[in-house]
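Colleague: Have a peek at model-v4.txt (compact mmCIF, C-alpha atoms).
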```
# COMPACT_ATOMS: atom_id res chain seq x y z
CA MET A 1 12.56 19.87 -21.30
CA THR A 2 12.76 16.59 -19.44
CA SER A 3 16.19 17.25 -17.96
CA THR A 4 15.08 20.73 -16.82
CA MET A 5 11.93 19.32 -15.24
CA ILE A 6 13.88 16.59 -13.39
CA ALA A 7 16.47 19.07 -12.10
CA VAL A 8 13.85 21.52 -10.79
CA PHE A 9 11.78 18.67 -9.31
CA PHE A 10 14.68 17.32 -7.24
CA ALA A 11 15.75 20.83 -6.25
CA LEU A 12 12.28 21.55 -4.89
CA MET A 13 12.18 18.18 -3.13
CA ALA A 14 15.50 19.03 -1.47
CA LEU A 15 13.87 22.22 -0.19
CA ALA A 16 11.11 20.11 1.44
CA VAL A 17 8.43 21.21 -1.04
CA PRO A 18 5.51 18.71 -1.10
CA VAL A 19 5.79 16.13 -3.88
CA ALA A 20 2.76 17.27 -5.89
CA HIS A 21 3.89 20.91 -5.80
CA ALA A 22 7.42 19.90 -6.79
CA MET A 23 5.99 18.02 -9.80
CA LEU A 24 3.98 21.03 -10.87
CA GLY A 25 6.90 23.41 -10.31
CA GLY A 26 9.27 21.28 -12.37
CA THR A 27 6.83 20.95 -15.26
CA ALA A 28 5.89 24.64 -15.23
CA PHE A 29 9.52 25.78 -15.23
CA ALA A 30 10.40 23.39 -18.09
CA LEU A 31 7.47 24.66 -20.18
CA TRP A 32 8.38 28.26 -19.42
CA MET A 33 11.99 27.71 -20.45
CA GLU A 34 10.85 26.24 -23.78
CA GLY A 35 8.27 28.97 -24.37
CA ARG A 36 5.36 26.50 -24.27
CA PRO A 37 1.87 27.72 -23.23
CA MET A 38 1.04 27.24 -19.54
CA ALA A 39 -2.52 26.30 -20.52
CA VAL A 40 -1.17 22.77 -21.00
CA ILE A 41 -0.81 22.42 -17.23
CA ALA A 42 -4.42 23.43 -16.59
CA GLN A 43 -5.61 20.95 -19.21
CA ARG A 44 -3.55 18.10 -17.80
CA LEU A 45 -4.61 18.87 -14.23
CA TYR A 46 -8.25 18.63 -15.25
CA SER A 47 -7.96 15.50 -17.41
CA PRO A 48 -7.44 12.79 -14.72
CA THR A 49 -10.33 14.11 -12.63
CA GLN A 50 -12.72 12.98 -15.38
CA SER A 51 -11.73 9.31 -15.10
CA PHE A 52 -14.65 7.09 -14.10
CA PRO A 53 -12.39 4.28 -12.74
CA MET A 54 -10.68 6.88 -10.51
CA LEU A 55 -13.89 7.06 -8.45
CA ALA A 56 -12.97 3.68 -6.98
CA VAL A 57 -10.23 5.32 -4.88
CA PRO A 58 -12.41 7.55 -2.64
CA PHE A 59 -15.17 4.97 -2.31
CA PHE A 60 -12.80 2.19 -1.19
CA ILE A 61 -11.18 4.62 1.27
CA LEU A 62 -14.64 5.56 2.60
CA ALA A 63 -15.64 1.90 3.00
CA GLY A 64 -12.54 1.19 5.08
CA SER A 65 -13.00 4.35 7.17
CA LEU A 66 -16.60 3.46 7.95
CA MET A 67 -15.65 -0.04 9.08
CA MET A 68 -13.02 1.32 11.47
CA GLN A 69 -15.31 3.83 13.21
CA GLY A 70 -16.80 1.22 15.53
CA ARG A 71 -15.56 -1.91 17.28
CA PHE A 72 -14.31 -3.74 14.21
CA GLY A 73 -10.68 -3.04 15.18
CA GLU A 74 -11.29 -4.65 18.57
CA TYR A 75 -12.90 -7.71 16.94
CA LEU A 76 -10.01 -7.94 14.51
CA VAL A 77 -7.35 -7.91 17.23
CA ASN A 78 -9.22 -10.49 19.31
CA ILE A 79 -9.64 -12.85 16.34
CA ALA A 80 -5.92 -12.69 15.61
CA ARG A 81 -5.10 -13.14 19.29
CA LEU A 82 -7.39 -16.16 19.50
CA PHE A 83 -5.49 -17.98 16.73
CA VAL A 84 -1.87 -16.89 17.24
CA GLY A 85 -1.72 -15.49 20.79
CA ASN A 86 -0.43 -18.81 22.16
CA LEU A 87 2.71 -18.56 20.04
CA ARG A 88 5.94 -17.05 21.28
CA GLY A 89 5.69 -13.30 20.73
CA GLY A 90 1.94 -13.66 20.24
CA LEU A 91 1.15 -9.95 20.23
CA GLY A 92 3.67 -9.42 17.44
CA GLN A 93 2.03 -12.22 15.46
CA VAL A 94 -1.33 -10.53 16.09
CA SER A 95 0.03 -7.42 14.38
CA VAL A 96 0.98 -9.40 11.27
CA ILE A 97 -2.23 -11.42 11.06
CA GLY A 98 -4.26 -8.32 11.83
CA SER A 99 -2.60 -6.47 8.94
CA VAL A 100 -3.48 -9.27 6.53
CA MET A 101 -7.12 -9.10 7.61
CA PHE A 102 -7.18 -5.30 7.86
CA GLY A 103 -5.77 -5.00 4.33
CA GLY A 104 -8.94 -6.52 2.98
CA VAL A 105 -10.89 -3.65 4.52
CA SER A 106 -8.77 -0.51 4.14
CA GLY A 107 -6.36 -1.09 1.23
CA SER A 108 -4.08 1.53 2.80
CA ALA A 109 -0.80 0.91 4.64
CA VAL A 110 -1.00 4.27 6.42
CA ALA A 111 -4.51 3.52 7.73
CA ASP A 112 -3.34 0.07 8.83
CA ALA A 113 -0.24 1.41 10.61
CA THR A 114 -2.29 4.01 12.46
CA ALA A 115 -5.19 1.76 13.49
CA MET A 116 -3.18 -1.36 14.38
CA GLY A 117 -0.36 0.65 15.94
CA ASN A 118 -2.63 2.52 18.33
CA ALA A 119 -4.37 -0.72 19.27
CA LEU A 120 -1.33 -2.96 19.75
CA ILE A 121 1.91 -1.06 20.36
CA PRO A 122 0.98 0.23 23.86
CA VAL A 123 -0.19 -3.28 24.83
CA GLN A 124 3.02 -4.82 23.48
CA LYS A 125 5.21 -2.40 25.43
CA LYS A 126 3.23 -3.10 28.60
CA ALA A 127 3.82 -6.83 28.05
CA GLY A 128 7.59 -6.28 27.91
CA TYR A 129 8.23 -5.89 24.18
CA PRO A 130 11.09 -3.52 23.27
CA GLY A 131 9.60 -0.32 21.86
CA GLY A 132 11.76 -0.47 18.74
CA PHE A 133 10.66 -4.01 17.95
CA ALA A 134 6.96 -3.21 18.51
CA ALA A 135 7.29 -0.24 16.15
CA ALA A 136 9.23 -2.32 13.60
CA VAL A 137 6.58 -5.04 13.47
CA ASN A 138 3.81 -2.50 12.98
CA ALA A 139 5.70 -0.43 10.38
CA SER A 140 6.60 -3.42 8.21
CA SER A 141 3.49 -5.59 8.55
CA SER A 142 1.16 -2.70 7.71
CA THR A 143 2.55 -2.67 4.17
CA ILE A 144 0.86 -6.02 3.52
CA SER A 145 -2.28 -3.93 3.04
CA VAL A 146 -1.02 -2.63 -0.30
CA LEU A 147 -1.25 -6.12 -1.81
CA ILE A 148 -4.52 -7.39 -0.36
CA PRO A 149 -7.63 -6.16 -2.26
CA PRO A 150 -8.85 -3.43 -2.30
CA SER A 151 -5.32 -2.05 -2.67
CA ILE A 152 -5.21 1.67 -3.51
CA PRO A 153 -1.66 1.50 -5.04
CA LEU A 154 -2.72 -1.37 -7.31
CA ILE A 155 -5.70 0.68 -8.49
CA LEU A 156 -3.40 3.60 -9.31
CA TYR A 157 -0.94 1.36 -11.17
CA GLY A 158 -3.78 -0.19 -13.15
CA LEU A 159 -4.98 3.26 -14.19
CA VAL A 160 -1.60 4.66 -15.30
CA ALA A 161 -0.42 1.41 -16.93
CA ASN A 162 -3.77 0.53 -18.52
CA VAL A 163 -3.82 -2.87 -16.79
CA SER A 164 -6.91 -4.70 -15.54
CA ILE A 165 -7.51 -3.83 -11.89
CA ILE A 166 -9.35 -7.13 -11.46
CA ASP A 167 -6.25 -9.06 -12.58
CA LEU A 168 -4.05 -7.02 -10.24
CA PHE A 169 -6.35 -7.66 -7.28
CA VAL A 170 -6.42 -11.42 -7.85
CA ALA A 171 -2.68 -11.62 -8.54
CA GLY A 172 -1.88 -9.65 -5.37
CA ILE A 173 -3.39 -12.20 -2.99
CA LEU A 174 -0.60 -14.80 -3.15
CA PRO A 175 2.29 -12.28 -2.81
CA GLY A 176 0.41 -10.67 0.09
CA VAL A 177 0.09 -14.03 1.85
CA MET A 178 3.77 -14.78 1.16
CA LEU A 179 4.82 -11.48 2.67
CA GLY A 180 2.57 -12.12 5.68
CA LEU A 181 4.02 -15.60 6.25
CA GLY A 182 7.57 -14.29 5.93
CA MET A 183 6.98 -11.59 8.53
CA PHE A 184 5.15 -14.08 10.73
CA ALA A 185 8.26 -16.29 10.72
CA CYS A 186 10.46 -13.26 11.34
CA VAL A 187 8.47 -12.25 14.44
CA TRP A 188 8.62 -15.84 15.74
CA TRP A 189 12.42 -15.96 15.28
CA VAL A 190 13.01 -12.63 17.05
CA ALA A 191 10.55 -13.56 19.81
CA ARG A 192 12.48 -16.78 20.54
CA ARG A 193 15.77 -14.89 20.69
CA LYS A 194 14.36 -12.22 23.01
CA ASP A 195 12.18 -14.65 24.98
CA LEU A 196 9.05 -12.59 24.43
CA PRO A 197 5.88 -13.79 26.19
CA ARG A 198 2.86 -15.62 24.84
CA SER A 199 -0.42 -13.68 24.97
CA PRO A 200 -3.43 -16.00 24.65
CA LEU A 201 -6.89 -14.49 24.57
CA PRO A 202 -8.44 -14.73 28.05
CA GLY A 203 -11.29 -17.23 28.06
CA GLY A 204 -10.25 -18.77 24.74
CA PHE A 205 -12.77 -19.65 22.07
CA ARG A 206 -15.73 -19.96 24.43
CA ALA A 207 -15.37 -16.38 25.62
CA PHE A 208 -14.85 -15.04 22.10
CA ARG A 209 -17.40 -17.10 20.16
CA SER A 210 -19.98 -14.31 19.97
CA GLN A 211 -17.35 -11.75 18.91
CA LEU A 212 -16.08 -14.10 16.22
CA LEU A 213 -19.56 -14.24 14.71
CA MET A 214 -19.77 -10.46 14.86
CA ALA A 215 -16.46 -10.04 13.03
CA ILE A 216 -17.26 -12.43 10.18
CA PRO A 217 -19.35 -9.93 8.12
CA ALA A 218 -16.47 -7.44 8.06
CA LEU A 219 -13.89 -10.11 7.24
CA LEU A 220 -16.01 -11.19 4.28
CA MET A 221 -15.56 -7.79 2.60
CA PRO A 222 -12.45 -8.80 0.56
CA VAL A 223 -14.21 -12.03 -0.47
CA PHE A 224 -17.19 -9.96 -1.58
CA ILE A 225 -14.92 -7.60 -3.56
CA ILE A 226 -12.91 -10.31 -5.31
CA GLY A 227 -15.94 -12.50 -6.02
CA THR A 228 -17.93 -9.63 -7.49
CA LEU A 229 -15.06 -8.56 -9.71
CA ARG A 230 -13.93 -12.02 -10.76
CA PHE A 231 -17.37 -13.12 -11.89
CA GLY A 232 -17.97 -9.91 -13.80
CA VAL A 233 -20.91 -8.76 -11.70
CA ALA A 234 -19.65 -5.16 -11.61
CA THR A 235 -16.70 -2.95 -12.53
CA PRO A 236 -14.13 -1.91 -9.88
CA THR A 237 -15.82 1.50 -9.55
CA GLU A 238 -19.24 -0.07 -9.09
CA VAL A 239 -17.82 -2.53 -6.58
CA SER A 240 -16.31 0.34 -4.58
CA VAL A 241 -19.76 1.91 -4.24
CA MET A 242 -21.20 -1.47 -3.26
CA ALA A 243 -18.43 -1.78 -0.66
CA VAL A 244 -19.57 1.50 0.93
CA ALA A 245 -23.16 0.21 1.01
CA TYR A 246 -21.90 -3.07 2.50
CA ALA A 247 -19.96 -1.16 5.19
CA LEU A 248 -23.03 0.92 6.06
CA VAL A 249 -25.18 -2.21 6.42
CA VAL A 250 -22.60 -4.05 8.54
CA CYS A 251 -21.82 -1.08 10.81
CA GLY A 252 -25.34 0.32 10.97
CA LEU A 253 -27.51 -2.80 11.14
CA ILE A 254 -25.27 -5.64 12.37
CA TYR A 255 -22.74 -3.93 14.66
CA ARG A 256 -25.02 -0.95 15.35
CA ASP A 257 -22.04 1.15 16.40
CA LEU A 258 -21.95 3.66 13.53
CA THR A 259 -22.98 7.09 14.82
CA TRP A 260 -23.58 10.29 12.88
CA ARG A 261 -20.31 11.62 14.30
CA GLY A 262 -18.53 8.47 13.18
CA ALA A 263 -19.96 8.79 9.66
CA TRP A 264 -18.89 12.44 9.58
CA ASN A 265 -15.36 11.59 10.76
CA ALA A 266 -15.11 8.86 8.11
CA SER A 267 -16.24 11.31 5.43
CA VAL A 268 -13.71 13.95 6.52
CA GLU A 269 -10.90 11.39 6.66
CA THR A 270 -11.86 10.15 3.18
CA ALA A 271 -11.93 13.69 1.79
CA MET A 272 -8.47 14.45 3.18
CA MET A 273 -6.89 11.23 1.91
CA THR A 274 -8.59 11.53 -1.48
CA GLY A 275 -7.50 15.14 -1.82
CA ALA A 276 -3.87 14.23 -1.12
CA VAL A 277 -3.94 11.33 -3.60
CA MET A 278 -5.80 13.28 -6.30
CA LEU A 279 -3.38 16.21 -6.09
CA ILE A 280 -0.49 13.82 -6.76
CA ILE A 281 -2.42 12.14 -9.59
CA MET A 282 -3.19 15.51 -11.21
CA ALA A 283 0.40 16.72 -10.88
CA SER A 284 1.82 13.44 -12.22
CA SER A 285 -0.44 13.81 -15.26
CA THR A 286 1.50 16.92 -16.29
CA ILE A 287 4.80 15.05 -16.01
CA GLN A 288 3.41 12.10 -17.97
CA TRP A 289 2.33 14.47 -20.76
CA LEU A 290 5.79 16.02 -20.92
CA LEU A 291 7.53 12.62 -20.95
CA THR A 292 5.20 11.31 -23.65
CA ALA A 293 5.66 14.43 -25.79
CA GLU A 294 9.42 13.84 -25.79
CA GLN A 295 9.04 10.03 -26.19
CA VAL A 296 11.03 9.43 -23.02
CA PRO A 297 9.47 6.02 -22.18
CA GLN A 298 10.23 4.62 -25.64
CA ASN A 299 13.78 6.02 -25.71
CA LEU A 300 14.42 4.80 -22.17
CA ALA A 301 13.24 1.29 -23.08
CA LEU A 302 15.53 1.24 -26.12
CA TRP A 303 18.50 2.49 -24.09
CA VAL A 304 18.00 0.01 -21.26
CA THR A 305 17.55 -3.01 -23.54
CA GLY A 306 20.56 -1.91 -25.58
CA THR A 307 22.79 -1.37 -22.54
CA LEU A 308 21.79 -4.38 -20.44
CA SER A 309 21.78 -7.53 -22.52
CA GLU A 310 19.98 -9.93 -20.16
CA PRO A 311 16.38 -9.57 -18.90
CA TRP A 312 17.40 -10.56 -15.37
CA MET A 313 19.86 -7.68 -15.28
CA ILE A 314 17.16 -5.24 -16.43
CA ILE A 315 14.77 -6.48 -13.73
CA LEU A 316 17.51 -6.08 -11.12
CA ALA A 317 18.22 -2.54 -12.34
CA LEU A 318 14.52 -1.65 -12.15
CA ASN A 319 14.36 -2.94 -8.60
CA LEU A 320 17.40 -0.94 -7.54
CA VAL A 321 15.95 2.25 -9.02
CA MET A 322 12.62 1.67 -7.26
CA LEU A 323 14.29 0.95 -3.92
CA VAL A 324 16.08 4.30 -4.11
CA VAL A 325 13.04 6.24 -5.32
CA GLY A 326 10.76 4.56 -2.76
CA ALA A 327 12.98 5.79 0.06
CA PHE A 328 12.30 9.42 -0.93
CA LEU A 329 8.83 9.42 -2.51
CA ASP A 330 5.55 8.25 -1.01
CA LEU A 331 4.08 5.11 -2.57
CA PRO A 332 1.25 6.64 -4.68
CA ALA A 333 3.55 9.35 -6.08
CA ALA A 334 6.26 6.81 -6.95
CA VAL A 335 3.76 4.48 -8.68
CA LEU A 336 2.35 7.32 -10.75
CA LEU A 337 5.79 8.64 -11.65
CA LEU A 338 7.56 5.36 -12.49
CA GLY A 339 4.64 3.34 -13.83
CA PRO A 340 4.47 4.88 -17.33
CA LEU A 341 8.28 4.69 -17.66
CA PHE A 342 8.70 1.09 -16.56
CA VAL A 343 5.77 -0.39 -18.49
CA GLY A 344 7.60 0.24 -21.74
CA ILE A 345 10.74 -1.43 -20.43
CA GLY A 346 8.71 -4.40 -19.18
CA GLN A 347 7.10 -4.81 -22.59
CA ALA A 348 10.54 -4.69 -24.25
CA ILE A 349 11.74 -7.70 -22.23
CA GLY A 350 8.42 -9.58 -22.40
CA MET A 351 7.47 -9.07 -18.76
CA ASP A 352 3.79 -9.39 -17.89
CA PRO A 353 2.48 -5.93 -16.85
CA VAL A 354 0.62 -7.51 -13.92
CA GLN A 355 3.85 -9.05 -12.62
CA LEU A 356 5.58 -5.70 -13.12
CA GLY A 357 2.84 -3.95 -11.16
CA LEU A 358 3.14 -6.30 -8.19
CA MET A 359 6.93 -6.07 -8.29
CA MET A 360 6.62 -2.28 -8.27
CA VAL A 361 4.13 -2.12 -5.39
CA VAL A 362 6.07 -4.60 -3.21
CA ASN A 363 9.32 -2.77 -3.92
CA LEU A 364 7.99 0.72 -3.26
CA SER A 365 6.14 -0.45 -0.14
CA ILE A 366 9.55 -1.15 1.43
CA GLY A 367 10.13 2.59 1.18
CA LEU A 368 7.20 3.15 3.55
CA TYR A 369 9.36 1.91 6.43
CA THR A 370 12.73 3.07 5.12
CA PRO A 371 14.34 6.39 6.13
CA PRO A 372 14.33 9.26 5.41
CA VAL A 373 10.66 9.57 4.36
CA GLY A 374 9.12 6.28 5.53
CA THR A 375 5.50 7.05 6.44
CA THR A 376 4.66 3.92 8.42
CA LEU A 377 8.11 4.09 10.04
CA PHE A 378 7.46 7.54 11.49
CA ILE A 379 3.88 6.70 12.48
CA SER A 380 4.93 3.55 14.32
CA ALA A 381 7.94 5.12 16.01
CA GLY A 382 5.77 8.03 17.12
CA ILE A 383 3.16 5.74 18.66
CA ALA A 384 5.87 3.67 20.38
CA LYS A 385 7.68 6.85 21.49
CA VAL A 386 11.07 5.51 20.39
CA GLY A 387 13.80 6.87 18.13
CA ILE A 388 13.94 6.20 14.40
CA GLY A 389 17.41 4.65 14.74
CA GLU A 390 16.21 2.11 17.31
CA THR A 391 13.26 1.17 15.10
CA VAL A 392 15.42 0.82 11.96
CA ARG A 393 17.80 -1.52 13.77
CA ALA A 394 14.86 -3.71 14.76
CA LEU A 395 13.63 -3.61 11.14
CA VAL A 396 16.72 -5.31 9.64
CA PRO A 397 15.26 -8.88 9.58
CA PHE A 398 12.00 -7.52 8.14
CA TYR A 399 13.91 -5.79 5.34
CA LEU A 400 15.56 -9.12 4.50
CA VAL A 401 12.21 -10.93 4.40
CA ALA A 402 10.65 -8.23 2.18
CA LEU A 403 13.62 -8.28 -0.21
CA PHE A 404 13.45 -12.09 -0.45
CA VAL A 405 9.74 -11.95 -1.35
CA LEU A 406 10.49 -9.15 -3.83
CA MET A 407 13.09 -11.28 -5.61
CA LEU A 408 10.65 -14.20 -5.82
CA ILE A 409 7.96 -12.00 -7.36
CA SER A 410 10.48 -10.44 -9.74
CA TYR A 411 11.91 -13.68 -11.11
CA VAL A 412 9.12 -16.25 -10.68
CA PRO A 413 6.17 -15.18 -12.86
CA ALA A 414 4.05 -18.12 -11.65
CA LEU A 415 3.67 -16.40 -8.28
CA THR A 416 1.61 -13.64 -9.90
CA ILE A 417 -1.03 -15.87 -11.43
CA TYR A 418 -4.35 -14.15 -12.11
```
Would you put the structure from the file into structure tokens?

Modeller:
Amino acid sequence: MTSTMIAVFFALMALAVPVAHAMLGGTAFALWMEGRPMAVIAQRLYSPTQSFPMLAVPFFILAGSLMMQGRFGEYLVNIARLFVGNLRGGLGQVSVIGSVMFGGVSGSAVADATAMGNALIPVQKKAGYPGGFAAAVNASSSTISVLIPPSIPLILYGLVANVSIIDLFVAGILPGVMLGLGMFACVWWVARRKDLPRSPLPGGFRAFRSQLLMAIPALLMPVFIIGTLRFGVATPTEVSVMAVAYALVVCGLIYRDLTWRGAWNASVETAMMTGAVMLIIMASSTIQWLLTAEQVPQNLALWVTGTLSEPWMIILALNLVMLVVGAFLDLPAAVLLLGPLFVGIGQAIGMDPVQLGLMMVVNLSIGLYTPPVGTTLFISAGIAKVGIGETVRALVPFYLVALFVLMLISYVPALTIY
């Protein structure tokens, strides 16, 4: 059944069928060929919707959407510009620093790429930045969001791999900072070569002091999330609800820029993003059932450990597979599809599941700005109004930085301390 399902899945993907529908089509055809009852699909589609921890996904998305309805994005850009605008290529550095801070609010690379791209790319082009480079910085730096809590991909990995979401959140901070520093250095190097301008904030700290105070409550959201989880005050799902309440208080009482229309837009955006993610989760549940029924994860782990003798070779092979898959599948779908398979292999070589999760998320996030399906790549190039080829050429040094950080996370377990 597995081989039939895989063949139909890739055939449907080649026909541009959406990922979730391709998953369902492959599973349904495999069951039909084997004469199995189709009721299994209905049961498996329903099962993941009853997961209490899964509620954290829509609530964290809603919290980030609420925060971005007002002037928080403007405060965020000005804070970053205040601290790094004096550097060569300052607006590019603002994009990187802004993504690190924005990740603690949204947890979504797509949301980051859209919000930061619309705010910064037109300004960068006006200041003389090449459109391809502006798009490249935005497309790559926005993926830092998938490591900084509350990361939606880390939540999904924790659910499918049965790993503590709290441990994943804490362990993701250091790799996220490493990736941010690497891209920061990359922007500085390119800016020196291209002689890009500095862009200090007009008026400096005196002019921005009041805005800095206004931005602090929003920037404290990731601290609030990590602190609440780490000290056992609440579960991830409960914290996600508290994050929504926190966002409502900050936007409604402190910023006072949350309107009824803004709340409605945030709710609609959350419903659309949650629907897309949940459809993939439900469809992947059918594939996971089929793989488990045929003991594919166990057999795959035995085959890999028997074929590749050294753990470092197995880790390298896993990374190569994920780099290829990440180029064709969106991040949530790839995590849900590969997570159950790779956990067994990681256990066979003694790899910590938290380290494996971070390695998987960092690896698959590279696919977000890699052709032919890179989501943040297409968003950024569209905002910059430049070709994909021009953007990909400008992305080469960012690919190298991301791969270097990926290798460190893969082979240095101490970097994923939790």

Colleague: Which one of A:Asn319, A:Ser380, A:Gln124, A:Ser410 sits closest to A:Leu364 if you count all atoms listed in the file?

Modeller: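 Result for the nearest residue to A:Leu364: A:Asn319.
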
Colleague: Calculated over only C-alpha atoms, which of the candidates A:Ala334, A:Ala384, A:Leu159, A:Val321 has the smallest distance to A:Ile121?

Modeller: A:Ala384

Colleague: Do a neighbour search on A:Ser267 at 9 Å with all atoms listed in the file, toss out local chain neighbours closer than 3 positions, and write the hits as a VMD selection string.

Modeller: chain A and resid 62 65 to 66 262 to 264 270 to 272

Colleague: Give the answer as one residue: which of A:Met278, A:Asp330, A:Ile254, A:Gly344 has the shortest atom-to-atom distance to A:Trp303, using all atoms listed in the file?

Modeller: A:Gly344

Colleague: Report the distance between atom CA of A:Leu358 and atom CA of A:Val335 in Å, rounded to one decimal place.

Modeller: 10.8 Å

Colleague: How many Å lie between atom CA of A:Met101 and atom CA of A:Ile148, rounded to one decimal?

Modeller: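 Interatomic distance, atom CA of A:Met101 to atom CA of A:Ile148: 8.6 Å.
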
Colleague: Point out the residue among A:Gly374, A:Pro236, A:Gly275, A:Gly389 with the least atom-to-atom distance to A:Phe52, counting only C-alpha atoms.

Modeller: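 Using only C-alpha atoms, A:Phe52 sits closest to A:Pro236.
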